[in-house]
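**Q** Structure file structure.csv (CSV, C-alpha atoms) is given on the next line.
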chain,number,residue,atom,x,y,z
A,1,MET,CA,32.5,3.1,203.5
A,2,GLN,CA,35.1,5.3,201.8
A,3,VAL,CA,38.7,4.1,202.3
A,4,VAL,CA,41.4,6.8,201.7
A,5,HIS,CA,44.9,5.4,201.5
A,6,ALA,CA,48.2,7.2,202.1
A,7,LEU,CA,48.9,10.1,199.7
A,8,GLU,CA,45.4,9.9,198.2
A,9,ALA,CA,43.4,13.2,198.2
A,10,LEU,CA,41.4,13.8,201.3
A,11,PRO,CA,37.7,13.9,200.6
A,12,ASP,CA,35.8,17.1,199.9
A,13,ALA,CA,32.7,15.8,201.7
A,14,VAL,CA,32.5,13.8,204.9
A,15,THR,CA,29.9,12.8,207.5
A,16,LYS,CA,32.2,11.0,209.9
A,17,SER,CA,35.8,9.8,209.7
A,18,ILE,CA,38.2,7.4,211.4
A,19,PHE,CA,42.1,7.4,211.2
A,20,LEU,CA,43.6,3.9,211.8
A,21,ALA,CA,46.8,4.8,213.7
A,22,GLY,CA,49.4,2.3,214.9
A,23,PRO,CA,52.4,0.3,213.9
A,24,THR,CA,52.8,-0.1,210.1
A,25,PRO,CA,54.7,-3.1,208.6
A,26,ARG,CA,57.7,-2.1,206.5
A,27,SER,CA,58.2,-5.6,205.2
A,28,VAL,CA,55.9,-7.7,203.0
A,29,GLU,CA,56.6,-10.7,205.3
A,30,VAL,CA,54.8,-8.9,208.1
A,31,ALA,CA,51.0,-8.7,207.9
A,32,SER,CA,49.2,-5.5,208.5
A,33,TRP,CA,46.4,-5.3,211.1
A,34,ARG,CA,44.5,-2.7,209.2
A,35,PRO,CA,42.6,-5.1,206.7
A,36,ALA,CA,41.1,-6.8,209.8
A,37,ALA,CA,40.0,-3.4,211.1
A,38,LEU,CA,38.4,-2.5,207.7
A,39,ALA,CA,36.6,-5.8,207.7
A,40,LEU,CA,35.2,-5.2,211.2
A,41,LEU,CA,34.1,-1.7,210.2
A,42,ALA,CA,32.4,-3.1,207.0
A,43,ALA,CA,30.7,-5.8,209.0
A,44,ARG,CA,29.3,-3.2,211.4
A,45,GLY,CA,27.8,-1.2,208.5
A,46,TYR,CA,30.1,1.8,209.0
A,47,ASP,CA,29.4,4.2,206.2
A,48,GLY,CA,32.0,7.0,206.8
A,49,VAL,CA,35.5,7.7,205.7
A,50,VAL,CA,38.5,5.7,206.9
A,51,PHE,CA,42.0,7.0,206.6
A,52,VAL,CA,44.6,4.3,206.2
A,53,PRO,CA,48.3,5.4,206.3
A,54,GLU,CA,49.4,2.6,204.0
A,55,PRO,CA,49.6,2.7,200.2
A,56,ARG,CA,46.7,1.1,198.4
A,57,TYR,CA,48.9,-1.3,196.4
A,58,GLN,CA,51.9,-1.4,198.8
A,59,ARG,CA,53.9,1.0,196.7
A,60,TRP,CA,55.4,3.3,199.2
A,61,SER,CA,56.3,6.8,198.2
A,62,ARG,CA,60.0,7.7,198.0
A,63,SER,CA,59.3,10.9,199.9
A,64,TYR,CA,59.1,10.4,203.6
A,65,VAL,CA,58.1,14.0,204.0
A,66,ASP,CA,55.1,13.6,201.7
A,67,GLN,CA,54.0,10.6,203.8
A,68,VAL,CA,54.3,12.5,207.1
A,69,ASP,CA,52.5,15.5,205.6
A,70,TRP,CA,49.6,13.3,204.5
A,71,GLU,CA,49.3,11.6,207.8
A,72,LEU,CA,49.4,14.9,209.7
A,73,ASP,CA,46.6,16.4,207.5
A,74,ALA,CA,44.5,13.2,207.8
A,75,LEU,CA,45.0,13.0,211.5
A,76,ALA,CA,44.0,16.7,211.9
A,77,SER,CA,40.8,16.1,209.8
A,78,ALA,CA,39.8,12.8,211.4
A,79,ASP,CA,36.8,12.8,213.8
A,80,CYS,CA,38.2,9.8,215.7
A,81,VAL,CA,41.7,8.3,215.9
A,82,VAL,CA,41.8,4.6,216.7
A,83,PHE,CA,45.2,3.7,218.0
A,84,TRP,CA,45.6,-0.1,217.8
A,85,ILE,CA,49.1,-1.2,219.0
A,86,PRO,CA,49.8,-4.9,218.5
A,87,ARG,CA,53.4,-4.2,219.5
A,88,ASP,CA,56.0,-6.7,218.6
A,89,LEU,CA,59.5,-5.3,219.4
A,90,ASP,CA,61.0,-7.3,216.5
A,91,GLU,CA,58.4,-6.9,213.7
A,92,LEU,CA,56.0,-4.1,214.8
A,93,PRO,CA,57.9,-1.9,217.3
A,94,GLY,CA,55.6,1.1,216.7
A,95,PHE,CA,58.0,3.8,218.1
A,96,THR,CA,56.5,6.5,215.8
A,97,THR,CA,53.1,5.5,217.2
A,98,ASN,CA,54.2,6.6,220.6
A,99,VAL,CA,55.0,10.0,219.3
A,100,GLU,CA,51.7,10.2,217.4
A,101,PHE,CA,49.7,9.2,220.5
A,102,GLY,CA,51.5,11.8,222.6
A,103,TYR,CA,50.8,14.5,220.0
A,104,TRP,CA,47.1,13.8,219.7
A,105,ALA,CA,46.4,12.6,223.2
A,106,ARG,CA,44.8,16.0,224.2
A,107,SER,CA,42.7,16.2,221.1
A,108,GLY,CA,39.7,14.4,222.7
A,109,LYS,CA,39.3,12.1,219.7
A,110,CYS,CA,41.6,9.2,220.5
A,111,ILE,CA,40.9,5.6,221.5
A,112,LEU,CA,43.8,3.5,222.8
A,113,GLY,CA,43.7,-0.2,222.1
A,114,ALA,CA,46.3,-2.9,222.5
A,115,PRO,CA,46.4,-6.6,223.3
A,116,PRO,CA,46.8,-7.3,227.0
A,117,ASP,CA,50.3,-8.7,226.6
A,118,ALA,CA,51.6,-5.9,224.3
A,119,PRO,CA,54.9,-4.6,225.8
A,120,LYS,CA,56.1,-1.1,226.5
A,121,LEU,CA,52.7,0.6,226.9
A,122,ARG,CA,52.8,1.7,230.5
A,123,TYR,CA,53.5,5.3,229.8
A,124,LEU,CA,50.7,5.4,227.1
A,125,ASP,CA,48.3,3.7,229.6
A,126,ALA,CA,49.2,6.3,232.3
A,127,LEU,CA,48.6,9.2,229.8
A,128,ALA,CA,45.3,7.7,228.7
A,129,THR,CA,44.1,7.4,232.3
A,130,ARG,CA,45.1,11.0,233.1
A,131,LEU,CA,43.3,12.4,230.0
A,132,GLY,CA,40.2,10.1,230.1
A,133,ILE,CA,41.0,8.4,226.9
A,134,PRO,CA,39.0,5.2,226.3
A,135,ARG,CA,41.2,2.0,226.7
A,136,VAL,CA,40.3,-1.3,225.1
A,137,HIS,CA,42.1,-4.6,224.6
A,138,THR,CA,40.8,-6.0,221.3
A,139,LEU,CA,40.6,-4.6,217.8
A,140,GLU,CA,36.9,-5.3,217.7
A,141,ALA,CA,36.3,-3.3,220.9
A,142,ALA,CA,38.3,-0.4,219.4
A,143,VAL,CA,36.2,-0.4,216.3
A,144,ASN,CA,33.0,-0.7,218.2
A,145,ARG,CA,34.0,2.2,220.5
A,146,ALA,CA,34.8,4.4,217.5
A,147,ILE,CA,31.5,3.7,215.8
A,148,ALA,CA,29.6,4.4,219.0
A,149,THR,CA,31.5,7.7,219.5
A,150,LEU,CA,30.8,9.0,216.0
A,151,GLY,CA,27.1,8.1,215.9
A,152,ASP,CA,25.4,9.6,212.9
A,153,GLY,CA,28.2,12.1,212.3
A,154,ALA,CA,27.4,15.5,210.6
A,155,PRO,CA,27.6,16.3,206.9
A,156,ARG,CA,30.5,18.7,206.0
A,157,GLN,CA,31.8,20.0,202.7
A,158,GLY,CA,35.0,21.8,201.6
A,159,GLY,CA,36.8,23.6,204.4
A,160,GLU,CA,34.2,22.2,206.9
A,161,CYS,CA,35.8,18.7,206.5
A,162,GLN,CA,38.8,20.0,208.4
A,163,VAL,CA,36.7,20.7,211.5
A,164,PRO,CA,36.5,17.6,213.7
A,165,LEU,CA,33.0,16.4,214.5
A,166,GLU,CA,33.1,17.2,218.3
A,167,ILE,CA,33.9,20.9,217.5
A,168,PHE,CA,31.7,21.1,214.4
A,169,THR,CA,28.6,19.9,216.3
A,170,SER,CA,29.2,22.1,219.4
A,171,ARG,CA,26.9,25.0,220.0
A,172,PRO,CA,29.7,27.6,220.1
A,173,PHE,CA,31.0,26.5,216.7
A,174,GLN,CA,27.5,26.4,215.1
A,175,ARG,CA,26.6,29.8,216.5
A,176,TRP,CA,29.9,31.3,215.1
A,177,TYR,CA,29.6,29.5,211.8
A,178,GLY,CA,25.9,30.3,211.4
A,179,ALA,CA,26.8,34.0,211.7
A,180,GLN,CA,29.5,33.7,209.1
A,181,ARG,CA,27.3,31.8,206.6
A,182,GLY,CA,24.6,34.3,207.2
A,183,ALA,CA,26.9,37.0,206.1
A,184,GLY,CA,27.7,35.0,202.9
A,185,ASN,CA,31.2,34.0,204.0
A,186,VAL,CA,32.7,30.6,203.2
A,187,LEU,CA,35.0,28.5,205.4
A,188,GLU,CA,37.8,27.4,203.1
A,189,GLY,CA,40.2,25.8,205.6
A,190,ALA,CA,40.5,25.1,209.3
A,191,ARG,CA,43.1,23.6,211.7
A,192,VAL,CA,42.5,22.9,215.4
A,193,GLU,CA,45.2,24.7,217.3
A,194,TRP,CA,44.1,24.0,220.8
A,195,VAL,CA,41.3,22.5,222.9
A,196,LEU,CA,40.6,22.5,226.6
A,197,ARG,CA,38.2,20.2,228.2
A,198,VAL,CA,37.0,19.3,231.6
A,199,VAL,CA,38.3,15.7,231.7
A,200,GLU,CA,36.2,14.3,234.4
A,201,ARG,CA,33.0,15.5,232.5
A,202,ARG,CA,34.4,15.0,229.0
A,203,PHE,CA,33.1,18.5,228.4
A,204,LEU,CA,34.7,20.6,225.7
A,205,LEU,CA,35.2,24.0,227.4
A,206,TYR,CA,37.4,26.0,224.9
A,207,TRP,CA,38.7,25.4,221.4
A,208,ALA,CA,40.8,27.5,219.0
A,209,LEU,CA,40.7,27.1,215.2
A,210,HIS,CA,43.1,28.6,212.7
A,211,VAL,CA,40.8,29.4,209.8
A,212,GLN,CA,40.8,30.7,206.3
A,213,VAL,CA,37.5,32.5,205.4
A,214,ARG,CA,36.4,33.9,202.1
A,215,VAL,CA,34.9,37.3,203.0
A,216,ALA,CA,32.0,37.8,200.6
A,217,ALA,CA,31.7,41.6,201.2
A,218,GLU,CA,35.4,42.1,200.3
A,219,ASP,CA,35.8,39.3,197.7
A,220,ARG,CA,39.0,38.0,199.4
A,221,VAL,CA,40.2,35.2,201.6
A,222,LYS,CA,41.3,36.3,205.1
A,223,ARG,CA,44.0,34.0,206.3
A,224,ASN,CA,45.9,33.6,209.6
A,225,GLU,CA,42.8,34.3,211.7
A,226,VAL,CA,42.2,32.4,214.9
A,227,VAL,CA,38.7,31.8,216.3
A,228,LEU,CA,38.6,31.1,220.0
A,229,ALA,CA,35.3,30.0,221.5
A,230,ARG,CA,33.7,28.8,224.7
A,231,PRO,CA,30.1,28.4,225.8
A,232,ASP,CA,28.1,31.6,226.1
A,233,THR,CA,27.7,33.3,229.5
A,234,SER,CA,24.9,34.9,231.4
A,235,GLN,CA,25.7,38.2,233.2
A,236,VAL,CA,23.5,40.1,235.6
A,237,VAL,CA,23.7,43.8,236.4
A,238,LEU,CA,22.6,44.3,240.0
A,239,TYR,CA,21.9,47.9,240.8
A,240,HIS,CA,20.1,50.3,243.2
A,241,ARG,CA,19.3,53.6,241.5
A,242,ASP,CA,19.9,57.0,243.1
A,243,PRO,CA,17.1,59.1,241.7
A,244,ALA,CA,18.8,62.4,242.7
A,245,ASP,CA,22.2,61.6,241.1
A,246,PRO,CA,22.6,58.9,238.5
A,247,ALA,CA,26.4,58.9,239.1
A,248,ARG,CA,25.8,57.7,242.7
A,249,THR,CA,23.7,54.7,241.6
A,250,THR,CA,25.1,51.6,243.4
A,251,LEU,CA,26.1,48.5,241.5
A,252,ALA,CA,26.9,45.1,243.1
A,253,LEU,CA,30.0,43.6,241.4
A,254,ILE,CA,31.9,40.4,242.2
A,255,ARG,CA,35.6,40.3,242.9
A,256,GLU,CA,37.3,37.1,241.7
A,257,PHE,CA,40.8,36.1,241.0
A,258,ARG,CA,41.4,35.2,237.3
A,259,SER,CA,44.8,34.4,236.0
A,260,ALA,CA,44.3,36.5,232.9
A,261,ALA,CA,43.6,39.6,234.9
A,262,ALA,CA,46.0,42.4,234.1
A,263,THR,CA,44.6,44.7,236.8
A,264,ARG,CA,46.9,46.2,239.5
A,265,ASP,CA,45.3,43.9,242.1
A,266,GLY,CA,45.2,40.7,239.9
A,267,PHE,CA,41.5,40.4,240.3
A,268,VAL,CA,38.5,40.9,238.0
A,269,HIS,CA,35.7,43.2,239.1
A,270,GLU,CA,32.6,42.3,237.1
A,271,HIS,CA,28.9,41.6,237.1
A,272,ALA,CA,27.8,38.2,238.5
A,273,GLY,CA,27.6,35.5,235.8
A,274,GLY,CA,29.2,32.6,234.0
A,275,SER,CA,28.5,29.5,232.0
A,276,SER,CA,27.5,25.9,232.8
A,277,PHE,CA,29.1,22.6,232.1
A,278,GLU,CA,25.7,21.0,231.9
A,279,ALA,CA,23.3,23.5,230.4
A,280,ASP,CA,25.6,25.2,227.8
A,281,ASP,CA,23.3,28.2,228.0
A,282,ASP,CA,20.1,26.2,227.0
A,283,ASP,CA,18.3,28.6,229.4
A,284,PRO,CA,20.3,31.8,229.8
A,285,ARG,CA,17.7,33.2,232.3
A,286,ALA,CA,17.9,30.1,234.6
A,287,LEU,CA,21.7,30.2,234.3
A,288,ALA,CA,21.7,33.9,235.3
A,289,VAL,CA,19.6,33.1,238.4
A,290,ALA,CA,21.9,30.2,239.4
A,291,GLU,CA,25.1,32.3,238.9
A,292,VAL,CA,23.7,35.2,241.1
A,293,ALA,CA,22.9,32.6,243.8
A,294,GLU,CA,26.4,31.1,243.7
A,295,GLU,CA,28.5,34.2,243.4
A,296,VAL,CA,26.4,36.8,245.3
A,297,GLY,CA,24.3,34.7,247.6
A,298,LEU,CA,21.1,36.4,246.4
A,299,ARG,CA,18.1,34.3,245.5
A,300,LEU,CA,16.2,35.9,242.7
A,301,ASP,CA,12.8,35.2,241.0
A,302,ALA,CA,13.6,34.8,237.3
A,303,ALA,CA,10.7,37.1,236.5
A,304,ARG,CA,12.7,40.0,237.8
A,305,LEU,CA,15.4,39.7,235.2
A,306,ARG,CA,15.2,42.4,232.6
A,307,PRO,CA,16.9,41.3,229.3
A,308,LEU,CA,19.5,43.7,228.0
A,309,GLY,CA,20.4,41.7,224.9
A,310,VAL,CA,23.0,39.3,223.6
A,311,ARG,CA,26.4,40.6,222.5
A,312,GLN,CA,30.0,39.5,222.1
A,313,LEU,CA,32.4,40.6,224.8
A,314,ALA,CA,35.7,40.7,222.9
A,315,PRO,CA,35.0,39.9,219.2
A,316,THR,CA,38.6,40.2,218.0
A,317,MET,CA,39.5,37.5,220.5
A,318,SER,CA,36.6,35.2,221.2
A,319,ALA,CA,33.4,34.2,219.5
A,320,HIS,CA,31.4,33.7,222.7
A,321,ARG,CA,28.6,36.0,223.7
A,322,ALA,CA,27.0,37.3,227.0
A,323,HIS,CA,23.3,37.2,227.6
A,324,ALA,CA,23.0,40.3,229.8
A,325,PHE,CA,20.2,40.9,232.3
A,326,ALA,CA,19.5,43.7,234.8
A,327,VAL,CA,17.8,43.5,238.2
A,328,GLU,CA,17.0,46.6,240.2
A,329,LEU,CA,17.6,45.9,243.9
A,330,ASP,CA,15.4,47.3,246.7
A,331,ALA,CA,16.8,49.0,249.8
A,332,ALA,CA,16.6,45.9,251.9
A,333,GLU,CA,18.5,43.8,249.4
A,334,LEU,CA,21.2,46.5,249.1
A,335,ALA,CA,21.5,46.7,252.8
A,336,ALA,CA,21.9,42.9,253.0
A,337,LEU,CA,24.6,42.9,250.4
A,338,ARG,CA,26.4,45.7,252.2
A,339,ALA,CA,26.3,43.7,255.4
A,340,ASP,CA,27.6,40.6,253.5
A,341,ALA,CA,30.7,42.4,252.2
A,342,GLY,CA,33.7,40.2,252.6
A,343,THR,CA,31.8,36.9,252.7
A,344,VAL,CA,33.3,34.4,250.3
A,345,HIS,CA,30.9,32.7,247.9
A,346,GLY,CA,31.5,30.1,245.2
A,347,ALA,CA,30.2,26.9,243.8
A,348,ASP,CA,33.3,24.9,244.6
A,349,GLY,CA,36.8,25.2,245.9
A,350,GLY,CA,38.1,26.6,242.6
A,351,GLU,CA,35.7,29.6,242.6
A,352,ARG,CA,35.9,32.3,245.2
A,353,THR,CA,33.8,35.5,244.9
A,354,THR,CA,33.1,38.4,247.1
A,355,VAL,CA,30.5,41.1,246.6
A,356,GLU,CA,31.7,44.7,246.1
A,357,LEU,CA,29.5,47.8,246.0
A,358,TRP,CA,30.5,50.5,243.5
A,359,THR,CA,28.9,53.7,242.4
A,360,LEU,CA,28.6,54.4,238.7
A,361,ALA,CA,31.1,57.2,239.0
A,362,GLU,CA,33.6,54.8,240.6
A,363,LEU,CA,33.2,52.4,237.7
A,364,TYR,CA,34.1,55.2,235.3
A,365,ALA,CA,37.1,56.2,237.3
A,366,ASP,CA,38.7,52.8,238.1
A,367,ASP,CA,40.6,51.0,235.4
A,368,ARG,CA,40.2,47.7,237.2
A,369,VAL,CA,36.7,47.6,235.7
A,370,ASP,CA,36.8,46.3,232.1
A,371,TRP,CA,35.0,47.9,229.2
A,372,SER,CA,32.4,45.1,228.9
A,373,THR,CA,31.4,45.5,232.6
A,374,LEU,CA,31.1,49.2,232.2
A,375,GLY,CA,29.1,48.9,229.0
A,376,MET,CA,26.6,46.5,230.6
A,377,ALA,CA,26.1,48.8,233.5
A,378,LEU,CA,25.4,51.7,231.2
A,379,ALA,CA,23.0,49.6,229.2
A,380,ALA,CA,21.1,48.7,232.3
A,381,LEU,CA,20.9,52.3,233.5
A,382,ARG,CA,20.1,54.0,230.3
What does this structure look like when you write it as structure tokens?
**A**
Amino acid sequence: MQVVHALEALPDAVTKSIFLAGPTPRSVEVASWRPAALALLAARGYDGVVFVPEPRYQRWSRSYVDQVDWELDALASADCVVFWIPRDLDELPGFTTNVEFGYWARSGKCILGAPPDAPKLRYLDALATRLGIPRVHTLEAAVNRAIATLGDGAPRQGGECQVPLEIFTSRPFQRWYGAQRGAGNVLEGARVEWVLRVVERRFLLYWALHVQVRVAAEDRVKRNEVVLARPDTSQVVLYHRDPADPARTTLALIREFRSAAATRDGFVHEHAGGSSFEADDDDPRALAVAEVAEEVGLRLDAARLRPLGVRQLAPTMSAHRAHAFAVELDAAELAALRADAGTVHGADGGERTTVELWTLAELYADDRVDWSTLGMALAALR
């Protein structure tokens, strides 16, 4: 176990890390709870890094700003933040801890622990409940939960140490980072700017990293870059070809409200597709079949899907990719979709899609259709 105390250099290599957050004594007469936490971690055989926001020899820095900067950097790098709050309003009030907990509550890496009789925790309890943060009532339970959460961890070096374990081990990160390393580039620094998870599933849906990357081909460090990522999608181009006039080829798109749409009607008009909370594109073909069934109401045999390839959709904005497929519809299927126009489809109450039939010429002419949708259509019809 490697213990890193306040103002000591953060490690250049980690496999897993824990930050011990909570009230800190400011008087030698008041005992700290952190030695007991370290003893519990050692007894459990924990072999990762532990960040302790107290000086190793009780020699506090004269610079409060330096202390705050160290804590913020260590908290950002930590894979798990254990908040243990043995609050005593006279000796360990822990008011700064309230601020820290609120700041990191949405990070997905917090554990909230406090004795059952600790006062002034109702708001923190409510926030933990809303965000699905584990809640425990003994220091031992908090330590055990942290160890179980981290598991075997993942080896990281250099700038990788600044990417928390949950993001580092996710498929979207590993795909993006694998591509960067394959190009010879080096991650020199990273900071998590934002995460969005499906709380009830504890599923990490989106994340954004502010990164510094050494670009091998240009021999320079590119700073102030943001990498936004989410699980890959599967998209299906459904079309019925007009042999006499390619421009009159019919394509089945879905119309769905998306808040980010900047179209004049406020809807997106795109090929059926999406991602999955469960599969995370383990099987893009199966996901494509499922999405067409949900959004279009059409049951397809997976063997009919013709792969078009895997490409990014908006590489200056997001690292995620689309697995594109094409399916040529027969006349009966086209007639069924035409008759189904206006029917609302969707997997749950949050998703509402309706099928629209467009000709290729209409896709060219209508600016409600985005470039990615048009590009996939042209790839399918080439």
**Q** Report the distance between atom CA of Leu374 of chain A and atom CA of Asp232 of chain A in Å, rounded to one decimal place.
**A**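 If I compute the distance from atom CA of Leu374 of chain A to atom CA of Asp232 of chain A, I get 18.9 Å.
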**Q** For the atom pair atom CA of Phe267 of chain A and atom CA of Ile254 of chain A, what is the interatomic distance in Å to one decimal place?
**A**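 Those two atoms sit 9.8 Å apart.
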**Q** Neighbours of Ala13 of chain A within 8 Å (only C-alpha atoms; same-chain residues fewer than 4 positions away dropped), as a ChimeraX atom specification?
**A** /A:155-158,161
**Q** Separation of atom CA of Leu378 of chain A and atom CA of Ala247 of chain A, in Å?
**A**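 Separation of atom CA of Leu378 of chain A and atom CA of Ala247 of chain A: 10.7 Å.
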**Q** Could you tell me, as a PyMOL selection string, which residues have any atom at most 10 Å from (31.0, 11.2, 217.8), counting all atoms listed in the file?
**A** chain A and resi 16-17+79-80+109+145-154+164-166+169
**Q** With distances taken over only C-alpha atoms, which residue among A:Ala286, A:Val211, A:Met317, A:Leu228 lies nearest Arg191 of chain A?
**A**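 Of A:Ala286, A:Val211, A:Met317, A:Leu228, the one nearest Arg191 of chain A is A:Val211, counting only C-alpha atoms.
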**Q** Counting all atoms listed in the file, which of A:Ala319, A:Ala141, A:Val81, A:Leu7 gets nearest to Phe173 of chain A?
**A**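 Closest to Phe173 of chain A, using all atoms listed in the file: A:Ala319.
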**Q** When you count only C-alpha atoms, which of these residues is closest to Glu291 of chain A: A:Arg304, A:Thr316, A:Gln235, A:Asp245?
**A** A:Gln235
**Q** With only C-alpha atoms as the counted atoms, please give the residues lying no more than 10 Å from Glu356 of chain A, apart from itself and same-chain residues fewer than 5 positions off, as a ChimeraX atom specification.
**A** /A:250-255,269-271,296,337-338,340-342
**Q** Compile the contact shell of Leu72 of chain A as a compact mmCIF listing (two decimals) with C-alpha atoms, keeping the file's coordinate frame: residues with an atom at most 10 Å away, counting all atoms listed in the file, same-chain residues fewer than 6 positions apart removed.
**A**
# COMPACT_ATOMS: atom_id res chain seq x y z
CA ASP A 66 55.10 13.60 201.70
CA ALA A 78 39.80 12.80 211.40
CA GLU A 100 51.70 10.20 217.40
